[in-house]
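*Asks:* Before we start, here is the structure in question, set down as structure tokens.
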Amino acid sequence: MQLPLGIEVPIPTFEQFVFIQVALLTAVAALAVVTSRNLFHSALALTLTFFGVAGVYIFLEAEFLAVSQVLVYVGAIAMLIAFAIMLTRSMMFGRTSPLNNQWGKSSLFAILFFSALLAFARATPWPAAGEEVVADEALIGQLGREFVTTYVIAFEVLGLLLLVALVGAVMLARDR
Amino acid sequence: MQVTQWSEALSGWLMGLGLPGWAAIFLVYAVGSFILINYGMLSVLLLIWITRKAISRIQDRIGPNRVGKYGLLQTVADAAKLLSKEDITPYEADKIAYNLSPILSVFGVLMLLAVIPFAPGLTGVDLNVAALYVVALGSIGIMAALMAGWGSNNKYALLAGFRVVAQLLSYEIPLVLAILTAVLLTGSMRFGQIVEMQSLHVAGFNLGLGWLGIVMPGALIVFFVSSLAEAELTPFDLLEAESELIAGFHIEYSGMKFAMFFLAQFLNAWILGAVAVTLFLGGWQGPGVGLPVIGPILGLGYFMIKVYGVYVLQQWIRGTFPRIRIDQMMYFAWKVLVPLMIGLIVAQAIIQKLPTPVAIQYVLIFIANVGVMAVVAYVLQKYFREEQIRTKRSFEPTSLIGGMQVSEKGTMY
């Protein structure tokens, strides 16, 4: 499409059009997490962000990752955060300010972190469009095999960590 | 039999008419989801009618019989009544959470319809991770309940919301493990393929009776019990307990918002039944589904008969079982169902690695299922007998007096 001033504006394809919507939703929700004055609304916005990220995974044809994202982040992490907020009484009723006296330093670090991410993203050799990618069920099978062969120690240690956390929670909660 | 997806066939036809590819696919999926969602919403009218009729018959009543033939339009009348009710927002309610929650609860349930294979080739989308998708969407319902409990600005609603989260998260684990057994046996998370695997070819004719539920009765029973809990149906409906508690997390809702929770609940029960049918009761498989033209129609018929059969079974349980306490509910999930399922999965994984023909493996899995269930039933029976003796002793008049003075272990004082 040609604009009057000679600027070339590419017309997005249908896929790009949907992607822009998903990306916008993710970004706006992420912004709402940090700007919302109500902590519970922040948690809800965070859940929406998780959904948006799952949508991005679907665009990358990684359905398994997308569904796992919803299962783990929405099903467990978001619920945990919501519970933690509800159980802290002062936050439950009061309205918190999104800013505190450390906002200057933290924004500096946020900018540094973002530029580091940007540099990494530009330096990574991404697979070119149209390249053959292993998809579908073969990928899930491969993932499972990797977990019990190459990454077996990390996998087992993570399992152990979760078990320890579970036992710890039971120890804290049991009545003496 | 080569199964053609309805979406591929239709979009191919539309592209033949000269539509660009993306528009044809978009149109086909838009129409498909429109039909699917409206079917889901409207079938609730029928589901509520079935529930009312089934429960009234169990309780020796007639049930609704005034509006329409056999009271079929009673639910329509109720919906009209609910629409005309005042929409109340409680004082100082969290408006976003309060208004979003009913929408989310229906959304989470309706999204499940997308992966259910209704007939050969008639699936919204044959997702390669359908089994996981079903589990993942359950978390939206939990989130909705929590938001409703929080947003209502009512402590009873909030407490009930916590209870919902506890119950649904606990019963999600045996549910997932039961799904895992089916996935383990078929080697696929694709619902289409899981149903395909449940065919039974005898002399080239598809009898369609190779149901996984026959091979794995234990997993089927655990799935059914946990789906009852997930759908908040009677032995596990202590979240609502309409007659003694105050309706749980949606106490503050009125009018159509309340109706949406109601709708989500009934539809959830039906869809979990559909998932049970897909995974364990053969989906659309049945005698003669391999036939060329009549096959898919027969498949749709078999599927619907099975799913509504499971739904009636759920209502039957609803009409006969007493409600259990919350500690019993948690006990049952964590100390009975989860160990049972882990035992089944370990047994099945070992059996599937044995160097024997598949048919013998199936027989061994069946034996393992029955064996594990028998062990669990034996342990439970022993526990309940001890429990019975203990409670009886504590209520006997002589021992009560003794118990008051001596305060032995196990007596109530």
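Chain labels A, B, ... are given in the sequence in which chains occur in the structure tokens; within each chain residues are numbered consecutively from 1, and ligands are likewise numbered from 1 in the order shown.
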Could you list, with a cut-off of 8 Å and counting only C-alpha atoms, the residues of chain B near chain A, each shown with its nearest atom pair and the distance in Å rounded to one decimal, rows sorted by chain and ascending number, as a Markdown table?
*Replies:*
```
| residue | atom | partner | partner_atom | distance |
| --- | --- | --- | --- | --- |
| B:Trp22 | CA | A:Phe14 | CA | 6.9 |
| B:Ala97 | CA | A:His41 | CA | 8.0 |
| B:Asn128 | CA | A:Glu137 | CA | 6.4 |
| B:Val129 | CA | A:Phe64 | CA | 6.0 |
| B:Leu132 | CA | A:Val67 | CA | 6.6 |
| B:Tyr133 | CA | A:Val67 | CA | 5.7 |
| B:Val135 | CA | A:Leu71 | CA | 7.1 |
| B:Ala136 | CA | A:Leu71 | CA | 4.3 |
| B:Leu137 | CA | A:Leu71 | CA | 7.5 |
| B:Gly138 | CA | A:Gly75 | CA | 7.9 |
| B:Ser139 | CA | A:Gly75 | CA | 4.6 |
| B:Ile140 | CA | A:Gly75 | CA | 7.3 |
| B:Ile142 | CA | A:Gly75 | CA | 7.9 |
| B:Met143 | CA | A:Met79 | CA | 7.0 |
| B:Ser188 | CA | A:Glu137 | CA | 7.6 |
```
*Asks:* Would you mind exporting the chosen residues as a compact mmCIF listing (two decimals), in the first residue's frame, restricted to N, CA and C atoms?
*Replies:*
```txt
# COMPACT_ATOMS: atom_id res chain seq x y z
N TRP B 22 -7.11 -18.08 2.61
CA TRP B 22 -7.31 -17.70 4.02
C TRP B 22 -8.78 -17.40 4.30
N ALA B 97 -13.60 -8.42 38.16
CA ALA B 97 -13.64 -9.85 38.47
C ALA B 97 -15.08 -10.34 38.51
N ASN B 128 -3.20 -32.11 18.15
CA ASN B 128 -2.30 -33.21 18.48
C ASN B 128 -2.03 -33.30 19.98
N VAL B 129 -2.51 -32.32 20.75
CA VAL B 129 -2.34 -32.40 22.20
C VAL B 129 -3.70 -32.29 22.89
N LEU B 132 -4.19 -33.06 26.61
CA LEU B 132 -3.62 -32.06 27.51
C LEU B 132 -4.46 -30.78 27.49
N TYR B 133 -4.99 -30.49 26.32
CA TYR B 133 -5.83 -29.29 26.13
C TYR B 133 -7.04 -29.34 27.06
N VAL B 135 -7.28 -30.83 29.89
CA VAL B 135 -6.84 -30.59 31.27
C VAL B 135 -6.53 -29.11 31.47
N ALA B 136 -5.85 -28.52 30.49
CA ALA B 136 -5.43 -27.13 30.63
C ALA B 136 -6.62 -26.20 30.74
N LEU B 137 -7.69 -26.50 29.99
CA LEU B 137 -8.84 -25.60 30.03
C LEU B 137 -9.60 -25.70 31.34
N GLY B 138 -9.41 -26.83 32.05
CA GLY B 138 -10.05 -26.93 33.35
C GLY B 138 -9.62 -25.81 34.28
N SER B 139 -8.38 -25.31 34.08
CA SER B 139 -7.87 -24.28 34.97
C SER B 139 -8.61 -22.96 34.79
N ILE B 140 -9.21 -22.76 33.62
CA ILE B 140 -9.96 -21.51 33.42
C ILE B 140 -11.20 -21.51 34.33
N ILE B 142 -11.46 -22.98 37.18
CA ILE B 142 -11.01 -22.73 38.55
C ILE B 142 -10.79 -21.24 38.76
N MET B 143 -10.13 -20.63 37.79
CA MET B 143 -9.86 -19.19 37.86
C MET B 143 -11.17 -18.41 37.95
N SER B 188 -0.92 -41.77 21.68
CA SER B 188 -1.26 -40.51 21.02
C SER B 188 -2.11 -39.67 21.94
```
*Asks:* Measure the distance from CA of Gly141 (chain B) to CA of Ser105 (chain B) in Å and round it to one decimal.
*Replies:*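 Separation between CA of Gly141 (chain B) and CA of Ser105 (chain B): 5.0 Å.
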*Asks:* Would you mind listing what lies within 9 Å of region 20-36 of chain A as an MDAnalysis selection string, with only C-alpha atoms counted and same-chain residues fewer than 6 positions away left out?
*Replies:* chainID A and resid 42:53 55:56 96:99
*Asks:* Using DSSP on the backbone coordinates, identify the residues of region 255-329 of chain B assigned to helix (DSSP H, G or I); present them as a PyMOL selection string.
*Replies:* chain B and resi 255-280+294-320+326-329
*Asks:* Just how far from CA of Ile179 (chain B) is CA of Gly248 (chain B), in Å to one decimal?
*Replies:* 28.8 Å
*Asks:* Counting only C-alpha atoms, which of B:Met189, B:Val293, B:Leu113, B:Val312 gets nearest to Ile50 (chain B)?
*Replies:* B:Val312
*Asks:* List the spatial neighbours of Thr186 (chain B) as a PyMOL selection string - criterion: any atom at most 9 Å away, only C-alpha atoms, same-chain residues fewer than 4 positions off excluded.
*Replies:* chain B and resi 181-182+193-194+197-198
*Asks:* Any idea what the distance is between CA of Leu143 (chain A) and CA of Leu160 (chain A)?
*Replies:*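 Computing it gives 19.9 Å between the two atoms.
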